[in-house]
Amino acid sequence: MKWILLAIVAILVASVVHYTLPQTDIVRITDTYEKRVDVGENRLFWSNASSGFSTSQPGRDVFFIQTRRDDGDVMVYRNEDTGWGWPPFFKFNTSNLQAEANDLRSTGEAPQWVRLRHYGWRNEMFSIFPNALSVEPIASPAEGKGWPIGTIVVLTLLVAAIWAVTVRIRRFFARRRARREA
């Protein structure tokens with residue numbers, strides 16, 4: 001039972017980390033648009049409504065960026081401010097990012113590839129979209145994603161923190177056991 005509980009906790013922590021840490025996709029922007037969205041049961045995966053939106057209205061306008069990957073798959077990203085909330089990207093440049101994405105639109109005949117940083121997941125069944133953080137034009141998909149230095153640093157610090165807590169817990173119980181035996 002102990003191992004099952006630990007596995008569940010590990011899966012939950014890994015899920016939060018995977019959702020939150022930025023990822024990079026190499027894509028071609030095909031369209032950008034703005035849509036009125038009524039956030040419902042999937043509100044956990046949308047930015048906080050107070051991040052640049054009126055809280056008195058039931059819906060809000062959200063920017064979207066439609067893309068196509070090198071292998072032909074399509075991917076849709078939302079583009080909204082994170083504000084001061086979670087995850088702590090402090091993103092306040094939604095309109096500027098939408099203008100950059102709109103300027104980088106291209107067709108299949110004359111592709112303009114971009115490196116798009118985002119966080120989050122895409123789930124079509126629940127209408128969950130990853131949130132775009134930045135776009136950067138690149139020469140070709142072969143230019144690649146690069147090393148995710150920030151992600152490596154965060155994961156290293158997370159592992160170090162887990163290790164430190166584990167060591168202290170083991171020492172606590174070892175001292176407690178030693179006192180009982182003495």
# chains A, B, ... in the order shown; residues from 1 in each chain; ligands from 1
>>> residues_around(residues="Thr24 in chain A", least_positions_apart="6", cutoff="10 Å", atoms="only C-alpha atoms", output="count of residues only")
15
>>> closest_residue(among="A:Ala7, A:Val13, A:Pro22, A:Met1", to="Trp121 in chain A", atoms="only C-alpha atoms")
A:Pro22
>>> residues_around(residues="Phe129 in chain A", least_positions_apart="5", cutoff="8 Å", atoms="only C-alpha atoms", output="list in words")
Phe45, Val76, Tyr77, Arg78, Gly120, Trp121, Arg122 and Asn123 of chain A
>>> atom_distance(atom1="CA of His18 in chain A", atom2="CA of Thr151 in chain A")
9.9 Å
>>> select_by_dssp(residues="chain A", states="strand (DSSP E)", output="CSV table (one decimal) with N, CA, C and O atoms, in the first residue's frame")
chain,number,residue,atom,x,y,z
A,23,GLN,N,8.0,24.2,-22.8
A,23,GLN,CA,8.4,23.2,-23.8
A,23,GLN,C,8.5,24.0,-25.1
A,23,GLN,O,7.9,25.1,-25.2
A,24,THR,N,9.2,23.5,-26.1
A,24,THR,CA,9.4,24.1,-27.3
A,24,THR,C,9.0,23.3,-28.5
A,24,THR,O,9.3,22.1,-28.5
A,25,ASP,N,8.2,23.8,-29.4
A,25,ASP,CA,7.8,23.2,-30.6
A,25,ASP,C,8.3,23.9,-31.8
A,25,ASP,O,8.3,25.2,-31.8
A,26,ILE,N,8.7,23.2,-32.9
A,26,ILE,CA,9.0,23.8,-34.1
A,26,ILE,C,7.8,23.7,-35.0
A,26,ILE,O,7.4,22.6,-35.4
A,27,VAL,N,7.2,24.9,-35.4
A,27,VAL,CA,6.0,24.9,-36.1
A,27,VAL,C,6.0,26.0,-37.2
A,27,VAL,O,6.8,26.8,-37.2
A,28,ARG,N,4.9,25.9,-38.0
A,28,ARG,CA,4.6,26.9,-39.0
A,28,ARG,C,3.3,27.5,-38.6
A,28,ARG,O,2.3,26.8,-38.5
A,29,ILE,N,3.2,28.8,-38.4
A,29,ILE,CA,1.9,29.4,-38.0
A,29,ILE,C,1.0,29.6,-39.3
A,29,ILE,O,1.4,30.2,-40.3
A,30,THR,N,-0.2,29.0,-39.2
A,30,THR,CA,-1.1,29.1,-40.3
A,30,THR,C,-2.2,30.1,-40.1
A,30,THR,O,-2.7,30.7,-41.1
A,31,ASP,N,-2.5,30.4,-38.9
A,31,ASP,CA,-3.6,31.5,-38.7
A,31,ASP,C,-3.5,31.9,-37.2
A,31,ASP,O,-3.1,31.2,-36.3
A,32,THR,N,-4.1,33.1,-37.0
A,32,THR,CA,-4.3,33.6,-35.6
A,32,THR,C,-5.7,34.2,-35.6
A,32,THR,O,-6.2,34.7,-36.5
A,33,TYR,N,-6.3,34.0,-34.4
A,33,TYR,CA,-7.7,34.6,-34.3
A,33,TYR,C,-8.0,34.8,-32.8
A,33,TYR,O,-7.3,34.4,-31.9
A,34,GLU,N,-9.1,35.5,-32.6
A,34,GLU,CA,-9.6,35.8,-31.3
A,34,GLU,C,-11.0,35.2,-31.1
A,34,GLU,O,-11.8,35.3,-32.1
A,35,LYS,N,-11.3,34.6,-30.0
A,35,LYS,CA,-12.5,33.9,-29.8
A,35,LYS,C,-13.1,34.1,-28.4
A,35,LYS,O,-12.3,34.2,-27.5
A,36,ARG,N,-14.4,34.3,-28.4
A,36,ARG,CA,-15.1,34.5,-27.1
A,36,ARG,C,-15.2,33.1,-26.4
A,36,ARG,O,-15.7,32.2,-27.0
A,37,VAL,N,-14.7,33.0,-25.2
A,37,VAL,CA,-14.7,31.7,-24.5
A,37,VAL,C,-15.4,31.8,-23.2
A,37,VAL,O,-15.2,32.7,-22.4
A,60,ARG,N,-14.8,35.5,-21.8
A,60,ARG,CA,-13.7,36.4,-22.1
A,60,ARG,C,-13.2,36.1,-23.5
A,60,ARG,O,-13.4,35.0,-24.0
A,61,ASP,N,-12.5,37.1,-24.0
A,61,ASP,CA,-11.9,37.0,-25.4
A,61,ASP,C,-10.5,36.4,-25.2
A,61,ASP,O,-9.7,36.8,-24.3
A,62,VAL,N,-10.2,35.3,-25.9
A,62,VAL,CA,-8.9,34.7,-25.8
A,62,VAL,C,-8.3,34.6,-27.2
A,62,VAL,O,-9.0,34.3,-28.2
A,63,PHE,N,-7.0,34.9,-27.3
A,63,PHE,CA,-6.3,34.8,-28.6
A,63,PHE,C,-5.9,33.3,-28.8
A,63,PHE,O,-5.5,32.6,-27.9
A,64,PHE,N,-5.9,32.9,-30.1
A,64,PHE,CA,-5.4,31.5,-30.4
A,64,PHE,C,-4.5,31.6,-31.6
A,64,PHE,O,-4.5,32.5,-32.4
A,65,ILE,N,-3.5,30.7,-31.6
A,65,ILE,CA,-2.5,30.6,-32.7
A,65,ILE,C,-2.6,29.2,-33.3
A,65,ILE,O,-2.4,28.2,-32.5
A,66,GLN,N,-3.0,29.1,-34.5
A,66,GLN,CA,-3.1,27.8,-35.2
A,66,GLN,C,-1.7,27.5,-35.9
A,66,GLN,O,-1.2,28.4,-36.6
A,67,THR,N,-1.2,26.3,-35.8
A,67,THR,CA,0.0,25.9,-36.4
A,67,THR,C,0.0,24.6,-37.0
A,67,THR,O,-0.9,23.8,-36.9
A,68,ARG,N,1.0,24.3,-37.8
A,68,ARG,CA,1.2,23.0,-38.4
A,68,ARG,C,2.7,22.6,-38.2
A,68,ARG,O,3.6,23.4,-38.4
A,69,ARG,N,2.9,21.4,-37.7
A,69,ARG,CA,4.2,20.9,-37.5
A,69,ARG,C,4.9,20.4,-38.8
A,69,ARG,O,4.2,20.3,-39.8
A,74,VAL,N,-1.5,19.2,-37.0
A,74,VAL,CA,-1.8,20.6,-36.6
A,74,VAL,C,-1.8,20.7,-35.0
A,74,VAL,O,-2.0,19.7,-34.3
A,75,MET,N,-1.6,21.9,-34.6
A,75,MET,CA,-1.6,22.2,-33.1
A,75,MET,C,-2.1,23.6,-32.9
A,75,MET,O,-1.8,24.5,-33.7
A,76,VAL,N,-3.0,23.7,-31.9
A,76,VAL,CA,-3.6,25.0,-31.6
A,76,VAL,C,-3.1,25.4,-30.2
A,76,VAL,O,-3.2,24.6,-29.3
A,77,TYR,N,-2.7,26.6,-30.1
A,77,TYR,CA,-2.2,27.2,-28.8
A,77,TYR,C,-3.1,28.3,-28.4
A,77,TYR,O,-3.6,29.1,-29.3
A,78,ARG,N,-3.4,28.5,-27.1
A,78,ARG,CA,-4.0,29.7,-26.7
A,78,ARG,C,-3.0,30.7,-26.4
A,78,ARG,O,-1.8,30.3,-26.2
A,79,ASN,N,-3.3,32.0,-26.3
A,79,ASN,CA,-2.4,33.0,-26.0
A,79,ASN,C,-3.0,34.0,-25.0
A,79,ASN,O,-3.8,34.8,-25.4
A,113,TRP,N,9.3,28.9,-40.6
A,113,TRP,CA,9.3,28.1,-39.3
A,113,TRP,C,9.6,29.0,-38.1
A,113,TRP,O,10.3,29.9,-38.2
A,114,VAL,N,9.0,28.6,-37.0
A,114,VAL,CA,9.2,29.4,-35.8
A,114,VAL,C,9.4,28.4,-34.6
A,114,VAL,O,8.9,27.2,-34.7
A,115,ARG,N,10.1,28.9,-33.6
A,115,ARG,CA,10.3,28.1,-32.4
A,115,ARG,C,9.3,28.7,-31.4
A,115,ARG,O,9.4,29.9,-31.0
A,116,LEU,N,8.3,27.9,-31.1
A,116,LEU,CA,7.3,28.4,-30.2
A,116,LEU,C,7.4,27.8,-28.8
A,116,LEU,O,7.4,26.5,-28.7
A,117,ARG,N,7.6,28.6,-27.8
A,117,ARG,CA,7.7,28.1,-26.4
A,117,ARG,C,6.3,28.2,-25.8
A,117,ARG,O,5.6,29.1,-26.0
A,118,HIS,N,6.0,27.2,-25.1
A,118,HIS,CA,4.7,27.1,-24.4
A,118,HIS,C,4.7,26.2,-23.2
A,118,HIS,O,5.7,25.6,-22.9
A,119,TYR,N,3.7,26.3,-22.4
A,119,TYR,CA,3.5,25.3,-21.3
A,119,TYR,C,2.1,24.8,-21.4
A,119,TYR,O,1.2,25.4,-22.0
A,131,ASN,N,-0.6,27.1,-23.5
A,131,ASN,CA,-0.5,28.6,-23.6
A,131,ASN,C,0.9,29.0,-24.2
A,131,ASN,O,1.9,28.6,-23.7
A,132,ALA,N,0.8,29.7,-25.3
A,132,ALA,CA,2.1,30.2,-26.0
A,132,ALA,C,2.8,31.2,-25.1
A,132,ALA,O,2.1,32.1,-24.5
A,133,LEU,N,4.1,31.1,-25.0
A,133,LEU,CA,4.9,32.1,-24.3
A,133,LEU,C,5.7,33.0,-25.1
A,133,LEU,O,5.8,34.2,-24.9
A,134,SER,N,6.2,32.5,-26.2
A,134,SER,CA,7.0,33.3,-27.2
A,134,SER,C,7.1,32.6,-28.5
A,134,SER,O,7.0,31.4,-28.6
A,135,VAL,N,7.4,33.4,-29.5
A,135,VAL,CA,7.7,32.9,-30.9
A,135,VAL,C,8.9,33.5,-31.4
A,135,VAL,O,9.2,34.7,-31.1
A,136,GLU,N,9.7,32.7,-32.1
A,136,GLU,CA,11.0,33.2,-32.6
A,136,GLU,C,11.2,32.6,-34.0
A,136,GLU,O,11.2,31.3,-34.1
A,137,PRO,N,11.4,33.4,-35.0
A,137,PRO,CA,11.6,32.8,-36.4
A,137,PRO,C,12.9,32.1,-36.5
A,137,PRO,O,13.9,32.5,-35.9
>>> atom_distance(atom1="CA of Phe172 in chain A", atom2="CA of Leu6 in chain A")
19.2 Å
>>> select_by_dssp(residues="chain A", states="helix (DSSP H, G or I)", output="VMD selection string")
chain A and resid 2 to 20 43 to 45 94 to 103 141 to 143 149 to 181
>>> atom_distance(atom1="CA of Glu109 in chain A", atom2="CA of Ser140 in chain A")
13.7 Å
>>> closest_residue(among="A:Thr156, A:Thr20, A:Thr166, A:Ser127", to="Thr82 in chain A", atoms="only C-alpha atoms")
A:Thr20
